[in-house]
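So this one's target-v1.txt, compact mmCIF, C-alpha atoms and all ligand atoms:
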```txt
# COMPACT_ATOMS: atom_id res chain seq x y z
CA MET A 57 11.71 14.24 -7.13
CA SER A 58 9.66 12.58 -9.89
CA VAL A 59 6.47 14.06 -11.36
CA ALA A 60 4.35 11.42 -9.61
CA ALA A 61 6.08 11.93 -6.26
CA ARG A 62 5.64 15.72 -6.53
CA LEU A 63 1.89 15.34 -7.19
CA MET A 64 1.50 13.60 -3.82
CA HIS A 65 2.40 16.83 -2.03
CA ASN A 66 -0.15 18.90 -3.91
CA ARG A 67 -3.20 19.94 -1.88
CA ALA A 68 -5.59 20.02 -4.86
CA PHE A 69 -4.44 16.55 -5.92
CA SER A 70 -4.98 15.16 -2.41
CA GLN A 71 -8.56 16.48 -2.53
CA ILE A 72 -9.48 14.79 -5.82
CA TYR A 73 -7.35 11.67 -5.26
CA GLU A 74 -9.94 9.36 -3.73
CA THR A 75 -13.00 10.27 -5.77
CA LEU A 76 -11.50 11.01 -9.20
CA TRP A 77 -7.91 9.84 -9.56
CA ARG A 78 -7.94 6.52 -7.67
CA PRO A 79 -10.89 4.98 -9.60
CA LEU A 80 -9.30 6.08 -12.88
CA PHE A 81 -5.86 4.67 -12.26
CA THR A 82 -7.24 1.52 -10.65
CA ARG A 83 -8.99 0.85 -13.95
CA GLY A 84 -5.81 1.74 -15.80
CA PHE A 85 -3.91 -0.94 -13.89
CA SER A 86 -6.14 -3.60 -15.43
CA LEU A 87 -5.64 -2.06 -18.86
CA GLY A 88 -9.20 -0.73 -19.08
CA GLY A 89 -10.78 -3.90 -17.65
CA SER A 90 -12.28 -4.31 -14.20
CA SER A 91 -10.02 -6.97 -12.64
CA THR A 92 -8.12 -4.50 -10.41
CA LEU A 93 -11.38 -2.90 -9.25
CA ASP A 94 -12.87 -6.34 -8.56
CA TYR A 95 -9.85 -7.42 -6.54
CA ASP A 96 -9.86 -4.12 -4.73
CA ARG A 97 -13.49 -4.62 -3.69
CA ALA A 98 -12.61 -8.04 -2.28
CA LEU A 99 -9.63 -6.55 -0.47
CA ARG A 100 -11.78 -3.84 1.12
CA ALA A 101 -14.26 -6.46 2.35
CA TYR A 102 -11.36 -8.48 3.76
CA LEU A 103 -9.91 -5.45 5.55
CA ALA A 104 -13.31 -4.68 7.07
CA ARG A 105 -13.70 -8.10 8.74
CA PRO A 106 -14.27 -8.00 12.50
CA GLY A 107 -11.26 -8.45 14.78
CA ASP A 108 -9.00 -7.07 17.46
CA ARG A 109 -6.11 -6.08 15.15
CA ARG A 110 -3.44 -3.42 15.02
CA VAL A 111 -3.36 -2.21 11.41
CA LEU A 112 -0.58 -0.15 9.81
CA ASP A 113 -1.30 1.43 6.41
CA ILE A 114 2.02 2.61 4.97
CA ALA A 115 1.76 5.50 2.46
CA CYS A 116 -1.92 5.81 3.35
CA GLY A 117 -2.46 8.85 1.10
CA PRO A 118 -5.79 10.58 1.88
CA GLY A 119 -6.85 7.63 4.04
CA ASN A 120 -8.89 5.95 1.33
CA TYR A 121 -8.59 2.55 3.05
CA ALA A 122 -8.90 3.87 6.60
CA GLY A 123 -12.69 3.50 6.73
CA ASP A 124 -12.69 -0.12 5.58
CA ALA A 125 -9.62 -1.10 7.58
CA SER A 126 -10.99 0.34 10.84
CA ARG A 127 -14.74 -0.37 10.57
CA GLY A 128 -14.56 -3.97 11.82
CA LEU A 129 -12.01 -3.39 14.57
CA THR A 130 -12.97 -4.64 18.01
CA GLY A 131 -11.35 -4.61 21.47
CA ASP A 132 -8.05 -2.75 21.38
CA GLY A 133 -7.99 -2.78 17.57
CA ALA A 134 -6.49 0.34 16.02
CA TYR A 135 -5.57 1.68 12.59
CA VAL A 136 -2.51 3.83 11.95
CA GLY A 137 -2.04 5.54 8.58
CA LEU A 138 1.48 6.77 7.80
CA ASP A 139 2.46 9.05 4.94
CA TYR A 140 5.12 11.68 4.27
CA SER A 141 2.82 14.15 2.49
CA ARG A 142 1.27 16.81 4.72
CA ALA A 143 -1.40 17.47 2.06
CA MET A 144 -2.46 13.80 1.97
CA LEU A 145 -2.49 13.54 5.76
CA ALA A 146 -4.60 16.67 6.15
CA GLN A 147 -7.17 15.20 3.77
CA ALA A 148 -7.02 11.84 5.58
CA ALA A 149 -7.69 13.47 8.94
CA ARG A 150 -10.63 15.44 7.50
CA ASP A 151 -12.25 12.35 5.97
CA ASN A 152 -11.67 9.83 8.75
CA VAL A 153 -12.65 10.80 12.25
CA SER A 154 -12.70 7.83 14.61
CA GLU A 155 -11.11 7.12 17.96
CA ARG A 156 -9.56 3.99 16.48
CA VAL A 157 -7.86 5.88 13.66
CA THR A 158 -4.57 7.80 13.85
CA PHE A 159 -2.53 9.44 11.09
CA LEU A 160 1.16 10.03 11.39
CA ARG A 161 3.76 11.76 9.25
CA GLY A 162 6.78 9.57 8.56
CA ASP A 163 9.03 7.98 6.00
CA ALA A 164 8.24 4.43 4.91
CA HIS A 165 11.98 3.67 4.74
CA ARG A 166 12.31 4.14 8.50
CA LEU A 167 9.09 3.21 10.24
CA PRO A 168 8.88 4.81 13.68
CA PHE A 169 7.55 1.65 15.35
CA ALA A 170 8.95 -1.18 17.41
CA SER A 171 9.46 -4.52 15.70
CA GLU A 172 6.48 -6.89 15.58
CA SER A 173 3.94 -4.24 16.59
CA PHE A 174 1.21 -4.72 13.93
CA ASP A 175 -1.04 -7.62 12.87
CA THR A 176 -1.86 -6.25 9.42
CA VAL A 177 0.61 -4.14 7.46
CA THR A 178 -0.47 -2.72 4.10
CA CYS A 179 1.33 -0.72 1.44
CA LEU A 180 -1.08 -0.01 -1.40
CA ALA A 181 -0.36 1.84 -4.62
CA ALA A 182 2.84 3.35 -3.28
CA LEU A 183 5.88 1.07 -3.59
CA TYR A 184 6.30 2.11 -7.23
CA LEU A 185 6.78 5.74 -6.13
CA ILE A 186 9.16 5.06 -3.29
CA ASP A 187 12.93 5.54 -3.69
CA ASP A 188 14.03 2.24 -2.17
CA PRO A 189 10.97 -0.04 -2.21
CA LEU A 190 12.77 -3.23 -1.23
CA ALA A 191 14.02 -1.53 1.94
CA VAL A 192 10.38 -0.63 2.66
CA LEU A 193 9.42 -4.29 2.28
CA ASP A 194 12.10 -5.12 4.87
CA GLU A 195 10.56 -2.54 7.21
CA MET A 196 7.10 -3.98 6.63
CA VAL A 197 8.36 -7.42 7.63
CA ARG A 198 10.12 -6.01 10.69
CA VAL A 199 7.03 -4.34 12.16
CA THR A 200 4.69 -7.28 11.45
CA ALA A 201 3.94 -9.46 14.46
CA PRO A 202 4.41 -13.25 14.25
CA GLY A 203 1.28 -14.64 12.59
CA GLY A 204 0.53 -11.22 11.08
CA GLU A 205 -0.07 -10.41 7.43
CA LEU A 206 1.38 -8.11 4.77
CA ILE A 207 -0.75 -6.78 1.93
CA ILE A 208 0.76 -5.02 -1.06
CA PHE A 209 -0.57 -3.51 -4.25
CA THR A 210 1.92 -2.26 -6.80
CA SER A 211 2.96 -2.39 -10.43
CA VAL A 212 4.29 -5.42 -12.27
CA ARG A 213 5.91 -5.91 -15.63
CA ALA A 214 3.42 -7.39 -18.05
CA SER A 215 3.58 -7.81 -21.81
CA ILE A 216 2.11 -4.30 -22.30
CA ALA A 217 5.12 -2.85 -20.46
CA ALA A 218 7.30 -4.22 -23.25
CA LEU A 219 5.42 -2.16 -25.85
CA PRO A 220 7.18 0.86 -27.37
CA GLY A 221 6.35 3.92 -25.28
CA ALA A 222 5.63 2.12 -22.02
CA PRO A 223 9.17 2.53 -20.58
CA THR A 224 9.03 6.22 -21.59
CA VAL A 225 5.78 6.77 -19.68
CA ALA A 226 7.25 5.02 -16.65
CA GLY A 227 10.48 7.01 -17.01
CA LEU A 228 8.73 10.38 -17.33
CA THR A 229 6.35 9.89 -14.42
CA GLY A 230 8.88 8.20 -12.14
CA VAL A 231 6.62 5.18 -11.66
CA ARG A 232 8.69 2.03 -11.20
CA VAL A 233 7.65 -1.23 -12.80
CA PHE A 234 8.55 -4.31 -10.76
CA GLU A 235 9.74 -7.53 -12.33
CA ARG A 236 7.32 -10.40 -11.99
CA THR A 237 8.96 -12.06 -8.97
CA GLU A 238 10.85 -9.11 -7.48
CA ILE A 239 8.46 -8.52 -4.58
CA LEU A 240 7.88 -12.25 -4.02
CA ASP A 241 11.61 -12.98 -3.94
CA ARG A 242 12.17 -10.37 -1.23
CA LEU A 243 9.33 -11.74 0.90
CA HIS A 244 10.55 -15.32 0.45
CA ALA A 245 14.03 -14.19 1.49
CA HIS A 246 12.43 -13.19 4.81
CA GLU A 247 10.93 -16.70 5.05
CA LEU A 248 7.39 -15.42 4.95
CA ILE A 249 4.70 -18.02 4.28
CA HIS A 250 1.55 -18.16 2.12
CA VAL A 251 3.06 -15.65 -0.29
CA GLU A 252 0.40 -15.19 -2.96
CA GLN A 253 0.48 -12.95 -6.02
CA THR A 254 -2.54 -11.94 -8.10
CA VAL A 255 -1.73 -10.05 -11.29
CA THR A 256 -4.38 -7.76 -12.76
CA GLY A 257 -2.89 -6.32 -15.96
CA VAL A 258 0.07 -4.18 -14.92
CA GLY A 259 -0.88 -4.32 -11.24
CA GLN A 260 -0.15 -6.99 -8.66
CA TYR A 261 -1.63 -7.75 -5.27
CA VAL A 262 0.64 -9.70 -2.94
CA LEU A 263 -0.42 -11.26 0.34
CA ALA A 264 2.02 -12.89 2.74
CA ARG A 265 2.10 -14.02 6.34
CA LYS A 266 4.84 -14.00 8.95
CA PRO A 267 5.18 -17.41 10.57
CA LEU A 268 4.23 -17.68 14.22
CA ARG A 269 7.83 -18.53 15.08
CA HIS A 270 9.95 -16.25 12.92
C1 LIG B 301 -0.67 6.91 -4.97
S1 LIG B 301 -0.73 7.31 -3.27
C2 LIG B 301 -1.44 5.84 -2.55
C3 LIG B 301 -2.45 6.15 -1.48
C4 LIG B 301 -3.23 4.95 -0.98
N1 LIG B 301 -2.36 4.03 -0.27
C5 LIG B 301 -3.93 4.20 -2.09
O1 LIG B 301 -3.85 2.98 -2.15
O2 LIG B 301 -4.61 4.83 -2.89
C6 LIG B 301 0.98 7.13 -2.81
C7 LIG B 301 1.29 7.70 -1.44
O3 LIG B 301 2.61 7.31 -1.08
C8 LIG B 301 3.15 8.34 -0.27
N2 LIG B 301 4.61 8.15 -0.17
C9 LIG B 301 5.49 8.09 -1.20
N3 LIG B 301 6.73 7.88 -0.73
C10 LIG B 301 6.63 7.80 0.64
C11 LIG B 301 7.56 7.57 1.69
N4 LIG B 301 8.87 7.39 1.45
N5 LIG B 301 7.11 7.52 2.96
C12 LIG B 301 5.79 7.69 3.23
N6 LIG B 301 4.85 7.92 2.27
C13 LIG B 301 5.27 7.96 0.99
C14 LIG B 301 2.70 9.60 -1.01
O4 LIG B 301 2.76 10.74 -0.21
C15 LIG B 301 1.27 9.21 -1.39
O5 LIG B 301 0.34 9.64 -0.43
```
Whole structure, structure tokens version:
Amino acid sequence: MSVAARLMHNRAFSQIYETLWRPLFTRGFSLGGSSTLDYDRALRAYLARPGDRRVLDIACGPGNYAGDASRGLTGDGAYVGLDYSRAMLAQAARDNVSERVTFLRGDAHRLPFASESFDTVTCLAALYLIDDPLAVLDEMVRVTAPGGELIIFTSVRASIAALPGAPTVAGLTGVRVFERTEILDRLHAHELIHVEQTVTGVGQYVLARKPLRH
């Protein structure tokens, strides 16, 4: 298991993740600028919009999007956070108490849900740690309902990643750097629509929608 993957199972790390680590690395993704933080703010506002949605947050960590993603839910709307780290899930359950919110231990490679069961499926800041990320994308598509959306934040190769030292850092930590169109190509292969990529330094946000008739 890589250094980064091992950290995710550490209780102390799960406790400082949201308040200390996440803001730091979010800034790092935009190479010291604020573009990733700015996009992230917009994403949080989008996730908090009112609606009767079933939301799945894959690799939810300590539930740092659970509050935003569940706040606007109406009707039968529900949020499910899935992660394989007991430490992260314990922190998530402590920080997010709501009858609309559930946390579940599971592996992103084999989602324990029926096909087409969620309207919004997110995987944020995790694909670069996951052994077989393209298989996880396939799972995300499978569990998304027709007309539903997928939201991804992960790494992307930018010019900085070509600098001496950058591959070593990625190699040592176990953080994978995706090629510019790698994620998009996989989503297009599933015939998703409105596939949009926003690059913020060495981070990318990708939004896509499953057509109503898939
Ligand atoms: C950096 S944290 C991201 C947390 C949160 N989504 C965010 O945006 O800040 C990565 C998370 O991915 C989880 N993870 C990694 N591989 C996983 C897998 N195969 N299945 C489920 N969770 C996984 C880790 O346990 C960790 O909580």
- Item | Environment of ligand LIG 301 (chain B) within 7 Å, counting all atoms listed in the file, reported as a count of residues only | 27
- Query: Which polymer residues have any atom within 6 Å of an atom of region 82-94 of chain A, counting only C-alpha atoms, with same-chain residues fewer than 5 positions away left out, as a ChimeraX atom specification?
  - Reply: /A:256-259
- Task: Point out the residue among A:Arg269, A:His244, A:Arg166, A:Arg156 with the least atom-to-atom distance to Pro202 (chain A), counting only C-alpha atoms.
- Result: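 Nearest candidate to Pro202 (chain A) out of A:Arg269, A:His244, A:Arg166, A:Arg156: A:Arg269.
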- Query: Between A:Asn66, A:Val197, A:Leu99, A:Arg236, which one has atoms that come closest to Leu145 (chain A), using all atoms listed in the file?
  - Reply: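 The shortest atom-to-atom distance to Leu145 (chain A) comes from A:Asn66.
Going from CA of Arg127 (chain A) over to CA of Ala104 (chain A), you cover 5.7 Å.
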- In Å, rounded to a single decimal, give me how far CA of Thr75 (chain A) is from CA of Arg109 (chain A).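 Separation between CA of Arg109 (chain A) and CA of Thr75 (chain A): 27.4 Å.
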- Message: Counting only C-alpha atoms, which residue out of A:Tyr102, A:Tyr121, A:Tyr73, A:Tyr95 sits closest to Gln253 (chain A)?
- Response: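 Closest residue, counting only C-alpha atoms: A:Tyr95.
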- For each of A:Arg198, A:Lys266, A:Arg242, A:Arg142, take the minimum atom-to-atom distance to Ser70 (chain A), counting all atoms listed in the file, then give the residue where this is smallest.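 Closest residue, counting all atoms listed in the file: A:Arg142.
For the residues A:Ala201, A:Pro79, A:Tyr135, A:Glu195, ranking by smallest atom-to-atom distance to Asn152 (chain A) using all atoms listed in the file places A:Tyr135 first.
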- Mind giving me the straight-line distance from CA of Val255 (chain A) to CA of Gly137 (chain A) in Å, one decimal?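 Separation of CA of Val255 (chain A) and CA of Gly137 (chain A): 25.3 Å.
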